[in-house]
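K.L.:
Enclosed is the structure file data-v9.txt (compact mmCIF, C-alpha atoms).
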# COMPACT_ATOMS: atom_id res chain seq x y z
CA MET A 32 -93.79 -133.91 -127.31
CA SER A 33 -95.14 -135.16 -123.98
CA LEU A 34 -96.04 -131.62 -122.94
CA LEU A 35 -97.84 -130.99 -126.23
CA SER A 36 -99.78 -134.24 -125.85
CA LEU A 37 -100.72 -133.32 -122.29
CA LEU A 38 -101.98 -129.85 -123.25
CA ILE A 39 -104.00 -131.20 -126.18
CA ALA A 40 -105.51 -133.97 -124.05
CA LEU A 41 -106.49 -131.67 -121.18
CA PHE A 42 -108.20 -129.31 -123.62
CA SER A 43 -109.92 -132.05 -125.61
CA GLU A 44 -111.13 -134.63 -123.11
CA LYS A 45 -114.07 -132.55 -121.83
CA HIS A 46 -115.24 -131.50 -125.28
CA LEU A 47 -115.18 -134.76 -127.22
CA PRO A 48 -118.63 -136.39 -127.19
CA GLY A 49 -119.56 -140.04 -127.34
CA ASN A 50 -118.39 -143.24 -125.67
CA SER A 51 -115.58 -143.67 -128.20
CA TRP A 52 -113.47 -141.34 -126.06
CA GLN A 53 -114.38 -142.94 -122.72
CA PHE A 54 -111.95 -145.43 -121.21
CA ASP A 55 -114.68 -147.51 -119.55
CA SER A 56 -116.10 -148.62 -122.89
CA TYR A 57 -112.70 -149.97 -123.98
CA PHE A 58 -112.09 -151.51 -120.58
CA ASN A 59 -115.36 -153.46 -120.73
CA ARG A 60 -114.45 -154.78 -124.18
CA TYR A 61 -111.00 -155.78 -122.97
CA VAL A 62 -112.45 -157.63 -119.97
CA SER A 63 -114.84 -159.51 -122.25
CA PHE A 64 -112.03 -160.39 -124.67
CA TYR A 65 -109.74 -161.52 -121.85
CA LYS A 66 -112.37 -163.79 -120.31
CA LYS A 67 -113.05 -165.43 -123.67
CA SER A 68 -109.39 -165.87 -124.62
CA LYS A 69 -108.73 -169.60 -124.97
CA ALA A 70 -104.98 -169.11 -124.73
CA LEU A 71 -105.37 -167.80 -121.15
CA THR A 72 -107.97 -170.29 -119.93
CA GLN A 73 -105.34 -172.48 -118.28
CA PHE A 74 -104.14 -169.54 -116.18
CA LYS A 75 -107.60 -168.53 -115.00
CA LYS A 76 -107.66 -167.21 -111.42
CA SER A 77 -103.89 -167.55 -111.05
CA SER A 78 -101.58 -164.73 -110.06
CA PHE A 79 -100.02 -164.92 -113.53
CA SER A 80 -103.39 -164.23 -115.16
CA TYR A 81 -103.96 -161.18 -112.97
CA ALA A 82 -100.53 -159.83 -113.86
CA ILE A 83 -100.97 -160.43 -117.59
CA PHE A 84 -104.36 -158.70 -117.50
CA LEU A 85 -102.70 -155.49 -116.29
CA LEU A 86 -99.44 -155.67 -118.21
CA LEU A 87 -100.47 -156.93 -121.66
CA PRO A 88 -102.00 -153.70 -123.10
CA PRO A 89 -99.22 -151.38 -121.76
CA ILE A 90 -96.50 -153.69 -123.08
CA VAL A 91 -98.14 -153.88 -126.52
CA LEU A 92 -98.55 -150.10 -126.58
CA PHE A 93 -94.93 -149.58 -125.50
CA ILE A 94 -93.68 -151.83 -128.32
CA VAL A 95 -95.87 -150.09 -130.91
CA LEU A 96 -94.75 -146.60 -129.82
CA ASN A 97 -91.09 -147.62 -129.87
CA ALA A 98 -91.51 -149.03 -133.36
CA MET A 99 -92.93 -145.67 -134.49
CA GLY A 100 -89.96 -143.72 -133.20
CA ASN A 101 -90.32 -140.13 -132.03
CA GLY A 102 -92.22 -138.83 -135.02
CA LEU A 103 -95.69 -137.52 -135.71
CA LEU A 104 -97.41 -140.93 -135.49
CA ASN A 105 -95.98 -141.43 -132.00
CA LEU A 106 -97.34 -138.04 -130.95
CA ILE A 107 -100.79 -138.74 -132.38
CA LEU A 108 -101.13 -142.20 -130.80
CA SER A 109 -99.79 -141.04 -127.41
CA THR A 110 -102.21 -138.11 -127.41
CA LEU A 111 -105.18 -140.32 -128.31
CA VAL A 112 -104.32 -142.74 -125.50
CA LEU A 113 -103.95 -139.86 -123.05
CA ILE A 114 -107.28 -138.32 -124.06
CA THR A 115 -108.96 -141.67 -123.48
CA THR A 116 -107.35 -142.31 -120.09
CA LEU A 117 -107.80 -138.78 -118.71
CA GLY A 118 -110.94 -137.79 -116.86
CA CYS A 119 -114.22 -139.61 -116.32
CA LYS A 120 -117.43 -138.43 -117.96
CA THR A 121 -119.72 -140.36 -115.60
CA THR A 122 -118.16 -138.76 -112.52
CA ARG A 123 -118.42 -135.30 -114.07
CA ASN A 124 -122.10 -135.92 -114.90
CA THR A 125 -122.79 -137.17 -111.38
CA TYR A 126 -121.25 -134.01 -109.93
CA ARG A 127 -123.36 -131.84 -112.22
CA GLU A 128 -126.57 -133.69 -111.32
CA TYR A 129 -125.67 -133.53 -107.62
CA LEU A 130 -125.30 -129.75 -107.80
CA ASN A 131 -128.56 -129.35 -109.73
CA ALA A 132 -130.39 -131.34 -107.05
CA ALA A 133 -128.65 -129.39 -104.27
CA TYR A 134 -129.67 -126.04 -105.77
CA ARG A 135 -133.27 -127.29 -105.89
CA GLY A 136 -133.04 -128.28 -102.22
CA ASP A 137 -133.66 -131.94 -103.10
CA THR A 138 -131.56 -133.62 -100.40
CA THR A 139 -132.92 -137.08 -101.19
CA THR A 140 -131.61 -136.91 -104.76
CA THR A 141 -128.26 -135.49 -103.67
CA GLU A 142 -127.83 -138.36 -101.23
CA MET A 143 -128.77 -140.82 -103.98
CA HIS A 144 -126.09 -139.39 -106.29
CA HIS A 145 -123.59 -139.48 -103.43
CA LEU A 146 -124.20 -143.14 -102.66
CA GLN A 147 -124.27 -144.02 -106.35
CA LEU A 148 -120.85 -142.44 -106.86
CA LEU A 149 -119.35 -144.38 -103.97
CA GLU A 150 -120.83 -147.62 -105.29
CA ASP A 151 -119.84 -147.05 -108.92
CA LYS A 152 -116.25 -146.21 -108.01
CA ASN A 153 -116.00 -148.84 -105.25
CA LEU A 154 -114.99 -146.23 -102.66
CA PRO A 155 -115.14 -146.38 -98.86
CA ALA A 156 -117.53 -144.20 -96.86
CA LEU A 157 -116.40 -140.74 -97.99
CA GLY A 158 -118.24 -137.44 -98.16
CA PHE A 159 -119.23 -136.35 -101.64
CA GLY A 160 -116.60 -133.61 -101.77
CA GLN A 161 -113.97 -135.98 -100.36
CA ALA A 162 -114.75 -138.56 -103.05
CA LEU A 163 -114.39 -135.91 -105.74
CA VAL A 164 -110.96 -134.90 -104.40
CA TRP A 165 -109.80 -138.51 -104.60
CA LEU A 166 -111.27 -139.08 -108.05
CA ASN A 167 -109.74 -135.83 -109.30
CA TYR A 168 -106.35 -137.21 -108.28
CA ARG A 169 -107.08 -140.59 -109.84
CA TYR A 170 -108.37 -139.31 -113.19
CA TYR A 171 -106.14 -136.27 -113.69
CA ILE A 172 -103.07 -135.79 -111.51
CA ALA A 173 -102.00 -139.43 -111.35
CA ILE A 174 -102.55 -139.90 -115.09
CA MET A 175 -100.54 -136.74 -115.82
CA LEU A 176 -97.63 -137.90 -113.64
CA PHE A 177 -97.56 -141.41 -115.08
CA PHE A 178 -97.74 -140.07 -118.62
CA ILE A 179 -94.89 -137.61 -118.14
CA PHE A 180 -92.59 -140.06 -116.38
CA PHE A 181 -93.57 -143.36 -118.05
CA GLY A 182 -95.21 -142.33 -121.30
CA ALA A 183 -98.56 -143.37 -122.72
CA ALA A 184 -97.96 -146.97 -121.63
CA GLY A 185 -97.59 -145.81 -118.02
CA ALA A 186 -100.84 -143.83 -118.18
CA LEU A 187 -102.62 -146.83 -119.69
CA PHE A 188 -101.28 -149.15 -116.97
CA TYR A 189 -102.48 -146.83 -114.20
CA ARG A 190 -105.95 -146.41 -115.68
CA LEU A 191 -106.28 -150.17 -116.17
CA LEU A 192 -105.32 -150.72 -112.53
CA THR A 193 -107.79 -148.17 -111.17
CA SER A 194 -110.58 -149.48 -113.40
CA ALA A 195 -109.94 -153.01 -112.14
CA THR A 196 -110.26 -151.84 -108.52
CA GLU A 197 -113.52 -150.05 -109.27
CA PHE A 198 -115.27 -153.31 -110.09
CA GLN A 199 -117.28 -154.55 -107.12
CA ASP A 200 -116.43 -158.11 -108.14
CA ASP A 201 -113.19 -159.23 -109.68
CA CYS A 202 -113.18 -158.41 -113.37
CA LEU A 203 -111.43 -161.66 -114.33
CA LEU A 204 -114.00 -163.96 -112.77
CA ASP A 205 -116.92 -165.49 -114.59
CA ASP A 206 -120.42 -165.18 -113.17
CA GLY A 207 -120.80 -167.24 -110.00
CA ASP A 208 -117.10 -167.13 -109.11
CA GLU A 209 -117.06 -163.77 -107.36
CA ASN A 210 -116.36 -164.91 -103.81
CA GLU A 211 -113.70 -167.46 -104.61
CA VAL A 212 -110.09 -167.27 -103.47
CA ASP A 213 -107.39 -168.45 -105.86
CA GLU A 214 -104.65 -170.91 -105.05
CA THR A 215 -102.16 -168.14 -104.27
CA GLY A 216 -104.33 -166.89 -101.41
CA ALA A 217 -105.39 -163.76 -103.27
CA ASN A 218 -108.82 -162.62 -102.16
CA THR A 219 -110.69 -161.97 -105.39
CA ASP A 220 -113.21 -159.82 -103.54
CA SER A 221 -110.90 -156.83 -103.36
CA ASN A 222 -113.46 -154.32 -102.08
CA THR A 223 -111.21 -153.07 -99.31
CA PHE A 224 -109.13 -149.99 -98.62
CA SER A 225 -107.12 -151.48 -95.79
CA THR A 226 -103.39 -150.89 -95.96
CA PRO A 227 -101.57 -154.01 -97.24
CA ASN A 228 -99.06 -155.85 -95.09
CA VAL A 229 -95.64 -155.41 -96.71
CA SER A 230 -94.49 -158.87 -95.63
CA ASN A 231 -97.43 -160.46 -97.45
CA GLY A 232 -96.76 -158.69 -100.73
CA CYS A 233 -99.57 -157.75 -103.13
CA LYS A 234 -102.57 -160.06 -102.99
CA ASN A 235 -105.02 -158.07 -105.08
CA TYR A 236 -105.31 -154.98 -107.25
CA HIS A 237 -105.99 -152.75 -104.25
CA ASP A 238 -102.64 -153.76 -102.76
CA VAL A 239 -100.83 -153.01 -106.01
CA LEU A 240 -102.58 -149.65 -106.26
CA PHE A 241 -101.56 -148.73 -102.70
CA TYR A 242 -97.86 -149.01 -103.57
CA VAL A 243 -98.30 -147.40 -106.99
CA ASP A 244 -100.15 -144.44 -105.47
CA TRP A 245 -97.92 -143.92 -102.43
CA LEU A 246 -95.49 -141.36 -103.89
CA PRO A 247 -97.85 -139.60 -106.35
CA VAL A 248 -100.34 -139.02 -103.52
CA ARG A 249 -97.64 -137.30 -101.45
CA ILE A 250 -96.73 -135.14 -104.42
CA SER A 251 -100.35 -134.24 -105.05
CA SER A 252 -101.02 -133.46 -101.38
CA LEU A 253 -97.97 -131.17 -101.41
CA GLY A 254 -99.63 -129.32 -104.28
CA TYR A 255 -102.76 -128.81 -102.18
CA MET A 256 -100.65 -127.07 -99.55
CA LEU A 257 -99.13 -124.75 -102.14
CA VAL A 258 -102.49 -123.70 -103.62
CA GLY A 259 -104.24 -123.52 -100.25
CA HIS A 260 -103.34 -122.69 -96.66
CA PHE A 261 -99.75 -123.89 -96.47
CA SER A 262 -99.14 -123.29 -92.76
CA LYS A 263 -102.44 -124.89 -91.79
CA ALA A 264 -101.95 -127.99 -93.93
CA LEU A 265 -98.20 -128.47 -93.29
CA PRO A 266 -98.55 -130.37 -89.96
CA THR A 267 -101.04 -132.77 -91.56
CA TRP A 268 -98.77 -133.34 -94.55
CA LEU A 269 -95.69 -133.93 -92.38
CA GLU A 270 -97.64 -136.37 -90.23
CA SER A 271 -98.70 -138.39 -93.28
CA ALA A 272 -95.70 -137.93 -95.59
CA PHE A 273 -93.80 -141.03 -94.45
CA ASN A 274 -96.72 -142.93 -92.96
CA THR A 275 -96.83 -146.35 -94.62
CA LYS A 276 -99.95 -147.51 -92.79
CA LYS A 277 -102.38 -144.72 -93.61
CA ALA A 278 -104.65 -145.19 -96.62
CA ASN A 279 -103.60 -143.02 -99.54
CA CYS A 280 -107.08 -141.55 -99.98
CA ASP A 281 -107.05 -140.46 -96.31
CA VAL A 282 -103.64 -138.81 -96.74
CA LEU A 283 -104.80 -136.79 -99.75
CA ILE A 284 -108.21 -135.86 -98.37
CA ASP A 285 -106.90 -134.81 -94.95
CA VAL A 286 -104.34 -132.45 -96.50
CA ALA A 287 -106.89 -131.08 -98.99
CA GLN A 288 -109.39 -130.31 -96.27
CA GLN A 289 -106.76 -128.58 -94.16
CA SER A 290 -105.73 -126.56 -97.22
CA GLU A 291 -109.15 -124.94 -97.59
CA ASP A 292 -111.37 -123.03 -95.16
CA ILE A 293 -114.56 -125.06 -95.27
CA THR A 294 -117.02 -122.92 -93.35
CA VAL A 295 -120.36 -123.49 -95.02
CA ASP A 296 -123.94 -123.78 -93.90
CA SER A 297 -124.59 -127.29 -92.59
CA GLU A 298 -127.80 -127.37 -94.63
CA ASP A 299 -125.97 -126.42 -97.84
CA CYS A 300 -124.88 -129.78 -99.25
CA SER A 301 -123.28 -128.09 -102.26
CA GLY A 302 -120.87 -125.89 -100.29
CA GLU A 303 -118.11 -128.33 -99.33
CA PRO A 304 -118.02 -130.22 -102.67
CA THR A 305 -117.84 -126.94 -104.60
CA LEU A 306 -114.97 -125.58 -102.48
CA LEU A 307 -113.01 -128.82 -102.70
CA VAL A 308 -113.52 -129.16 -106.46
CA HIS A 309 -112.26 -125.61 -107.01
CA LEU A 310 -109.25 -126.41 -104.83
CA ALA A 311 -108.63 -129.61 -106.80
CA LYS A 312 -108.76 -127.71 -110.10
CA ARG A 313 -106.16 -125.24 -108.82
CA ASN A 314 -103.98 -128.18 -107.83
CA VAL A 315 -104.23 -129.68 -111.32
CA LEU A 316 -103.13 -126.36 -112.82
CA LEU A 317 -100.21 -126.16 -110.36
CA ILE A 318 -99.02 -129.69 -111.17
CA LEU A 319 -99.36 -128.96 -114.88
CA SER A 320 -97.35 -125.74 -114.52
CA ILE A 321 -94.57 -127.44 -112.58
CA LEU A 322 -94.36 -130.30 -115.08
CA SER A 323 -94.28 -127.81 -117.95
CA ILE A 324 -91.41 -125.88 -116.38
CA LEU A 325 -89.44 -129.07 -115.72
CA ILE A 326 -89.95 -130.25 -119.30
CA LEU A 327 -89.03 -126.91 -120.87
CA ALA A 328 -85.97 -126.68 -118.62
CA GLY A 329 -84.83 -130.11 -119.76
CA VAL A 330 -85.10 -131.68 -116.30
CA ILE A 331 -87.72 -134.13 -117.59
CA ARG A 332 -87.52 -135.58 -121.10
Now, as a test, write the supplied structure out as structure tokens.
P.N.:
Amino acid sequence: MSLLSLLIALFSEKHLPGNSWQFDSYFNRYVSFYKKSKALTQFKKSSFSYAIFLLLPPIVLFIVLNAMGNGLLNLILSTLVLITTLGCKTTRNTYREYLNAAYRGDTTTTEMHHLQLLEDKNLPALGFGQALVWLNYRYYIAIMLFFIFFGAAGALFYRLLTSATEFQDDCLLDDGDENEVDETGANTDSNTFSTPNVSNGCKNYHDVLFYVDWLPVRISSLGYMLVGHFSKALPTWLESAFNTKKANCDVLIDVAQQSEDITVDSEDCSGEPTLLVHLAKRNVLLILSILSILILAGVIR
């Protein structure tokens, strides 16, 4: 059933209109509800509150799906959750508007869309094509992997975590509290992509996401080698495969760029993003094909 849900979701998520199918709208409502919850007021800005924020919806969903059994209702609910968590309409629209401006030769507008994307997704200083490679992983490949291996609850947990890191200010703080540090030493201003210190554990959502992403990023980067220039990208992948200090986005982007011949006109700001997006789409299809084979062969249940 997981394969059927995945195929339906991948086909549907780009064609369903309206905000009712966009995860961000539900995330904003959840943040508002969580801030106003009187039962959790006493835990505000504690590590327990941060953990509950991430774990409460996946746990509830897991319990509901288990209560439904493996029937039709389970399939429907899992598919609806997957459709909602897959993809990002705003990123897709930004890419489309960027290309339209690039084809018109409007470099000022393309740069505006580039900077807006980095700000909206709370990303470090990446090129536009590089950011799209990372977001393609975040909104498609990672969600697919978490759904197949951990079910709809796993996909929901991952999307909650990434959405929390995309907020410029901590999503659990009230207005005026943005720069505070809680009693556990966790920096609530988590706008950083530095690699966490293992001995210090996880102090913010970015730290948690680093460990969560570590293995899936290596799997995804391996896919880029297989759909691109394997021999050219292999040294880069081997260098990064067991590197615990390199940022995950750098690992994925470096391998992706080595997997594609990016020889475009320096004045053509649409060339590199277009090539990298096409490469990313091929990687999604490869990962989907491999997962399908493993499921049909009974390796993954």
K.L.:
What separation in Å, quoted to one decimal, exists between atom CA of Leu187 of chain A and atom CA of Val308 of chain A?
P.N.:
24.6 Å
K.L.:
Between atom CA of His237 of chain A and atom CA of Glu197 of chain A, measure the distance and give it in Å to one decimal.
P.N.:
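One can read the atom CA of His237 of chain A to atom CA of Glu197 of chain A distance as 9.4 Å.
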K.L.:
With distances taken over all atoms listed in the file, which residue among A:Ile179, A:Met99, A:Leu283, A:Leu106 lies nearest Leu166 of chain A?
P.N.:
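Ranked by minimum distance to Leu166 of chain A, first place goes to A:Leu283.
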K.L.:
Leaving out Val243 of chain A and any residue of its chain fewer than 4 positions from it, which residues lie within 10 Å of it when counting all atoms listed in the file, given as a count of residues only?
P.N.:
8
K.L.:
Figure out the distance between atom CA of Ser68 of chain A and atom CA of Gly118 of chain A, please, to one decimal in Å.
P.N.:
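Going from atom CA of Gly118 of chain A over to atom CA of Ser68 of chain A covers 29.2 Å.
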